[in-house]
2 protein chains.
Amino acid sequence: MLSFSDQPEAFLPTLAEFVAIPSVSRDASEEVMLRAATWLRDRLDFAGARVETTAGHPVVRADWMSDSDAPTILVYGHYDVQPTGDLAEWRTSPFDMVIDGEVVRGRGVTDDKGPVFIVTEVARAFFEQEGFPPLNIKFLFEGEEEIGSPHLAEYVQSHADDLACDLVISADGAMWRASEPSLSLMSKGLVSLSIEASGANRDLHSGRFGGTVANPLHGLAELLNTLHSPSGLVNVPGFYDGVTPLSEERRRELASVEFSEQEYREDLGVEELYGEDGLSTLERLWERPTLEINGVEGGGKYTVIPHLARAHLSARLVPGQDPARVIEAIVTCVGDFTFPGLAFTVTVDPGSVAAYTIPVDHPAIRAAHSALSQVYPDQTTLMTCIAGTLPATTLFESVLGAKTLFFSFSTADEYLHAPNEFMRIRRFGEGLRAWEILWRSLADGPHRLT
Amino acid sequence: MLSFSDQPEAFLPTLAEFVAIPSVSRDASEEVMLRAATWLRDRLDFAGARVETTAGHPVVRADWMSDSDAPTILVYGHYDVQPTGDLAEWRTSPFDMVIDGEVVRGRGVTDDKGPVFIVTEVARAFFEQEGFPPLNIKFLFEGEEEIGSPHLAEYVQSHADDLACDLVISADGAMWRASEPSLSLMSKGLVSLSIEASGANRDLHSGRFGGTVANPLHGLAELLNTLHSPSGLVNVPGFYDGVTPLSEERRRELASVEFSEQEYREDLGVEELYGEDGLSTLERLWERPTLEINGVEGGGKYTVIPHLARAHLSARLVPGQDPARVIEAIVTCVGDFTFPGLAFTVTVDPGSVAAYTIPVDHPAIRAAHSALSQVYPDQTTLMTCIAGTLPATTLFESVLGAKTLFFSFSTADEYLHAPNEFMRIRRFGEGLRAWEILWRSLADGPHRLT
């Protein structure tokens, strides 16, 4: 067993350095992104880590080989973070990580800098205490996960031999909730797009032109309103193509998962949950695709008829759905919608991702289950789905032929992508121990990978 | 006859000084607003002008009395301007007035700094060339017109004796179009409000929570979509209370106004106009109330379910509609709307205004018609409506017992409230001459006011 400090003071100041680099992949400068990549490389210097350029933000790579007979794993994670959103909603400055009771707060602490940091520290412990890793470990950390990994595919394809492995282990992909450990057997896919409604050639005085021309915000509201039926289903013909209806067996499985609708509601502060009629909350969350309006913008608080309005949408997909078909269905649906004097155009974002699955009896799932049982001896590990999207998984499967195990110690309630993102401090200690056990058990014993 | 330079170079640089003061009443500092007021006061120094404080931005007042037997007019206008909107849409810097061919461009040049400037220059010409005005003139320029004149009522009420007059002449209130002069017999009223839709207590990851909670943007779109019926009518019970149906006579009058739908469409760059079914464009513009969505905001281009979404709306009212009743109708309509797990709240903006009318046979209308006929001898003066709102008019009628004549040389197509606001340079010369004739004819002759 490795020895880890159980004092947060020993490792959190180092994580704070990582969080302090505002590596918002959507809008940070190249210099900032390189700084974050370099920080991560330095953290794995003993493993020969290096920063490699891509057509976008760089990746951090390392190959820390133990024994040519040992199995080889590829550890994946990302050093980029989401935009902060409205700064006024943050209780503390997003890039100034603070310890607040049992949590640390800051942009990226749980998605994905904290979970990545656990991996680098486990590796350092092996290096410092044993001199070498228990199995061959390759590291691949990207800087574009939060913008849909637009250049990862090209990188992985052109470095497929270097990245060859028996299993990918993702430090990204939060556990479902904090009350017990969980392993995810599925992650949803993602497509995203924007719809622009345009009317006149300029913003118009709402009095002097009111009643004569269509208002893009009015037309856009009507269009957005057509995208769901009153029963909560997505009302886009073709959207559900390929989706397997929920089996009675799966419904029984999900019904047996302990889940308090009341606690869920209370945590979110809503009086009522909402979704497709006739399904439970877990069924909707884990088994059904969704289409959400992520943003709308147009005009403002002044008396105009704006000439433009935009909506940003994204769909989360389940196994069986083809992202290209979903996009086509939405584009067709918008194309069929008309409003006199308005034009609607769709811009599809690059980087759509299909859903991903790993079988429950895969050796990696069994090894991970065993590791979690040792770290959480009093709790049952749940088999769940990640309703979020991890674009790298389908890529690794198709190019490297390797399944991906999600092994993050983030939890889904930690305000990922939102203001006041945080991570529970105890999860760092649990994660360090679990990664150590996982690596050892994949290398040797009943769960040996190959 | 007064002598005016017909060279724009003689007066436009002075107007540029006025435009350069960014007196955006919505968000400018007190210092900036005072600077604009002071500039205007200095322009009327010969008339004893002064800046007077209010609970909001100051007013500029002057009393330039000629003869106690002469009629007394109160000239109204405003020195505040609208926000610039998106700076990227401006071809030139909004507060740096530029001459561009036959127009001047800049925020406020036509609403209302240019038209106010015409008045100050006519008055200066009387002072410099004749020494005194042709009738008693009081000036009242406010700094809050673009935010609904929230403190004008209090000011006028507490200074009713000082402001006593036989007629108000407004330098605000653009003519309908540039092709011929027009006089307005009506201006629409205005109420404005915001609707906030709130869901969870924070922005949520659209994957990790998708399918379980209502999206405020989705609910807001549904609500906004209910506010109009497919026929283009406002679908708010009670909204049309008090509105007189269009008479056959009025429909015939409007049908006789030369109006090219094609030119109107081409100017706006739309393929089709839009509004209530069964009415002509002019009928909808001049005779019917409207409800417009001026802005929507919520979330953004990232994969969240936002926890808040807001819409800003305003209604333009016609004679017969009670603003308080319209607000009540909208509040009730929003209150009756439900969406599971979402809450909707309405915030009504202060400063609602009823519609205003002046009879076609009022002496001021006859005098103005005569003045316009002399300045535009080859054109027929149209009798129109101002679909915009001039909050001061109903106030002057109720407190001072005086009707308001709109006598502006702005035209409605000059991008009022929008980027690239402009004013036609020739209208300055036409306006100077027309104001001179109007003042003289209200003082003496067949159109003498009292």
# chains A, B, ... in the order shown; residues from 1 in each chain; ligands from 1
$ residues_around --residues "Ile147 in chain B" --least-positions-apart "4" --cutoff "12 Å" --atoms "only C-alpha atoms" --output "JSON, numbers by chain"
{"A": [301, 302, 303], "B": [23, 24, 25, 26, 27, 28, 56, 57, 78, 80, 81, 82, 83, 142, 143, 151, 152, 190, 191, 192, 349, 350, 351, 352, 353, 389, 390, 391, 417]}
$ residues_around --residues "Thr381 in chain B" --least-positions-apart "2" --cutoff "9 Å" --atoms "only C-alpha atoms" --output "list of chain:residue names"
B:Glu180, B:Pro181, B:Ser182, B:Leu183, B:His369, B:Leu372, B:Ser373, B:Tyr376, B:Gln379, B:Met383
$ write_last_selection --atoms "C-alpha atoms" --output "PDB file, in the first residue's frame"
ATOM      1  CA  GLU B 180     -44.153  64.645 -47.670  1.00  0.00           C
ATOM      2  CA  PRO B 181     -44.866  66.618 -44.489  1.00  0.00           C
ATOM      3  CA  SER B 182     -47.332  65.234 -41.986  1.00  0.00           C
ATOM      4  CA  LEU B 183     -49.109  66.205 -38.814  1.00  0.00           C
ATOM      5  CA  HIS B 369     -50.810  72.838 -41.604  1.00  0.00           C
ATOM      6  CA  LEU B 372     -46.015  73.215 -43.635  1.00  0.00           C
ATOM      7  CA  SER B 373     -47.873  74.224 -46.797  1.00  0.00           C
ATOM      8  CA  TYR B 376     -43.516  72.416 -48.772  1.00  0.00           C
ATOM      9  CA  GLN B 379     -46.751  68.634 -51.284  1.00  0.00           C
ATOM     10  CA  MET B 383     -52.829  63.712 -41.307  1.00  0.00           C
TER      11      MET B 383
END
$ select_by_dssp --residues "range 134-252 of chain B" --states "strand (DSSP E)" --output "list in words"
Asn136, Ile137, Lys138, Phe139, Leu140, Phe141, Glu142, Leu167, Val168, Ile169, Ser170, Ser182, Leu183, Ser184, Leu185, Met186, Ser187, Gly189, Leu190, Val191, Ser192, Leu193, Ser194, Ile195, Glu196, Ala197, Ser198, Leu204 and His205 of chain B
$ select_by_dssp --residues "range 284-393 of chain A" --states "helix (DSSP H, G or I)" --output "PyMOL selection string"
chain A and resi 284-287+323-336+363-375+392-393
$ write_last_selection --atoms "N, CA and C atoms" --output "compact mmCIF listing (two decimals), in the first residue's frame"
# COMPACT_ATOMS: atom_id res chain seq x y z
N ARG A 284 -35.97 8.73 -17.09
CA ARG A 284 -35.79 9.87 -18.00
C ARG A 284 -34.32 10.30 -18.03
N LEU A 285 -33.69 10.29 -16.86
CA LEU A 285 -32.31 10.77 -16.75
C LEU A 285 -31.33 9.82 -17.43
N TRP A 286 -31.53 8.53 -17.24
CA TRP A 286 -30.51 7.56 -17.70
C TRP A 286 -30.84 6.92 -19.03
N GLU A 287 -32.08 6.88 -19.40
CA GLU A 287 -32.46 6.04 -20.54
C GLU A 287 -33.02 6.81 -21.73
N PRO A 323 -25.98 10.57 -34.32
CA PRO A 323 -25.95 12.04 -34.20
C PRO A 323 -26.29 12.76 -35.51
N ALA A 324 -25.80 12.21 -36.62
CA ALA A 324 -26.05 12.86 -37.91
C ALA A 324 -27.55 12.85 -38.23
N ARG A 325 -28.20 11.75 -37.89
CA ARG A 325 -29.64 11.64 -38.15
C ARG A 325 -30.43 12.60 -37.25
N VAL A 326 -29.99 12.76 -36.02
CA VAL A 326 -30.65 13.68 -35.10
C VAL A 326 -30.52 15.11 -35.60
N ILE A 327 -29.32 15.46 -36.05
CA ILE A 327 -29.11 16.81 -36.59
C ILE A 327 -30.00 17.03 -37.80
N GLU A 328 -30.01 16.04 -38.68
CA GLU A 328 -30.84 16.15 -39.89
C GLU A 328 -32.31 16.35 -39.52
N ALA A 329 -32.76 15.61 -38.50
CA ALA A 329 -34.16 15.72 -38.08
C ALA A 329 -34.47 17.13 -37.58
N ILE A 330 -33.55 17.69 -36.80
CA ILE A 330 -33.78 19.04 -36.25
C ILE A 330 -33.72 20.08 -37.38
N VAL A 331 -32.74 19.93 -38.25
CA VAL A 331 -32.61 20.88 -39.37
C VAL A 331 -33.87 20.83 -40.24
N THR A 332 -34.38 19.63 -40.49
CA THR A 332 -35.60 19.49 -41.29
C THR A 332 -36.78 20.14 -40.59
N CYS A 333 -36.86 19.91 -39.29
CA CYS A 333 -37.97 20.46 -38.51
C CYS A 333 -37.95 21.99 -38.54
N VAL A 334 -36.79 22.56 -38.37
CA VAL A 334 -36.67 24.03 -38.42
C VAL A 334 -36.96 24.51 -39.84
N GLY A 335 -36.48 23.76 -40.83
CA GLY A 335 -36.71 24.14 -42.22
C GLY A 335 -38.18 24.13 -42.60
N ASP A 336 -38.93 23.25 -41.96
CA ASP A 336 -40.37 23.15 -42.25
C ASP A 336 -41.18 24.23 -41.54
N PRO A 363 -13.96 -6.82 -17.75
CA PRO A 363 -12.98 -6.95 -16.66
C PRO A 363 -12.71 -5.62 -15.94
N ALA A 364 -12.72 -4.54 -16.69
CA ALA A 364 -12.44 -3.24 -16.07
C ALA A 364 -13.54 -2.86 -15.09
N ILE A 365 -14.78 -3.16 -15.43
CA ILE A 365 -15.89 -2.87 -14.53
C ILE A 365 -15.75 -3.74 -13.27
N ARG A 366 -15.37 -4.99 -13.47
CA ARG A 366 -15.22 -5.86 -12.30
C ARG A 366 -14.08 -5.39 -11.40
N ALA A 367 -12.96 -5.00 -12.01
CA ALA A 367 -11.82 -4.52 -11.21
C ALA A 367 -12.18 -3.23 -10.47
N ALA A 368 -12.88 -2.36 -11.17
CA ALA A 368 -13.25 -1.08 -10.55
C ALA A 368 -14.23 -1.31 -9.42
N HIS A 369 -15.15 -2.25 -9.64
CA HIS A 369 -16.13 -2.57 -8.60
C HIS A 369 -15.42 -3.08 -7.35
N SER A 370 -14.44 -3.91 -7.56
CA SER A 370 -13.67 -4.44 -6.43
C SER A 370 -12.92 -3.33 -5.70
N ALA A 371 -12.30 -2.42 -6.46
CA ALA A 371 -11.56 -1.31 -5.83
C ALA A 371 -12.50 -0.44 -5.01
N LEU A 372 -13.66 -0.14 -5.56
CA LEU A 372 -14.60 0.72 -4.83
C LEU A 372 -15.12 0.01 -3.58
N SER A 373 -15.29 -1.29 -3.66
CA SER A 373 -15.77 -2.04 -2.50
C SER A 373 -14.76 -1.97 -1.36
N GLN A 374 -13.47 -1.91 -1.72
CA GLN A 374 -12.44 -1.84 -0.67
C GLN A 374 -12.37 -0.44 -0.06
N VAL A 375 -12.57 0.57 -0.88
CA VAL A 375 -12.49 1.94 -0.36
C VAL A 375 -13.78 2.32 0.38
N ALA A 392 -14.65 11.51 -25.91
CA ALA A 392 -13.49 10.70 -26.26
C ALA A 392 -13.80 9.21 -26.33
N THR A 393 -14.86 8.78 -25.63
CA THR A 393 -15.08 7.34 -25.49
C THR A 393 -15.32 6.62 -26.81
$ residues_around --residues "range 84-87 of chain B" --least-positions-apart "5" --cutoff "9 Å" --atoms "only C-alpha atoms" --output "ChimeraX atom specification"
/A:299-300 /B:24,92-94,107,417-420
$ write_last_selection --atoms "C-alpha atoms" --output "PDB file, in the first residue's frame"
ATOM      1  CA  GLY A 299     -33.084  42.534 -28.241  1.00  0.00           C
ATOM      2  CA  GLY A 300     -33.048  43.846 -24.705  1.00  0.00           C
TER       3      GLY A 300
ATOM      4  CA  VAL B  24     -28.185  57.874 -22.329  1.00  0.00           C
ATOM      5  CA  THR B  92     -19.564  55.043 -37.215  1.00  0.00           C
ATOM      6  CA  SER B  93     -19.050  55.805 -33.561  1.00  0.00           C
ATOM      7  CA  PRO B  94     -22.489  56.720 -32.118  1.00  0.00           C
ATOM      8  CA  ARG B 107     -27.153  58.559 -31.414  1.00  0.00           C
ATOM      9  CA  HIS B 417     -33.685  53.783 -31.076  1.00  0.00           C
ATOM     10  CA  ALA B 418     -31.583  51.622 -33.393  1.00  0.00           C
ATOM     11  CA  PRO B 419     -27.961  51.548 -34.493  1.00  0.00           C
ATOM     12  CA  ASN B 420     -26.996  54.118 -37.142  1.00  0.00           C
TER      13      ASN B 420
END
$ residues_around --residues "Ser68 in chain A" --least-positions-apart "6" --cutoff "12 Å" --atoms "only C-alpha atoms" --output "VMD selection string"
chain A and resid 134 to 137 165 443
$ write_last_selection --atoms "C-alpha atoms" --output "PDB file, in the first residue's frame"
ATOM      1  CA  PRO A 134       2.335  -1.328 -11.303  1.00  0.00           C
ATOM      2  CA  LEU A 135       1.435  -1.523 -15.004  1.00  0.00           C
ATOM      3  CA  ASN A 136       2.201   0.391 -18.202  1.00  0.00           C
ATOM      4  CA  ILE A 137       0.526   3.761 -18.045  1.00  0.00           C
ATOM      5  CA  CYS A 165      -3.636   0.199 -24.922  1.00  0.00           C
ATOM      6  CA  ALA A 443      -1.933  -5.545 -13.299  1.00  0.00           C
TER       7      ALA A 443
END
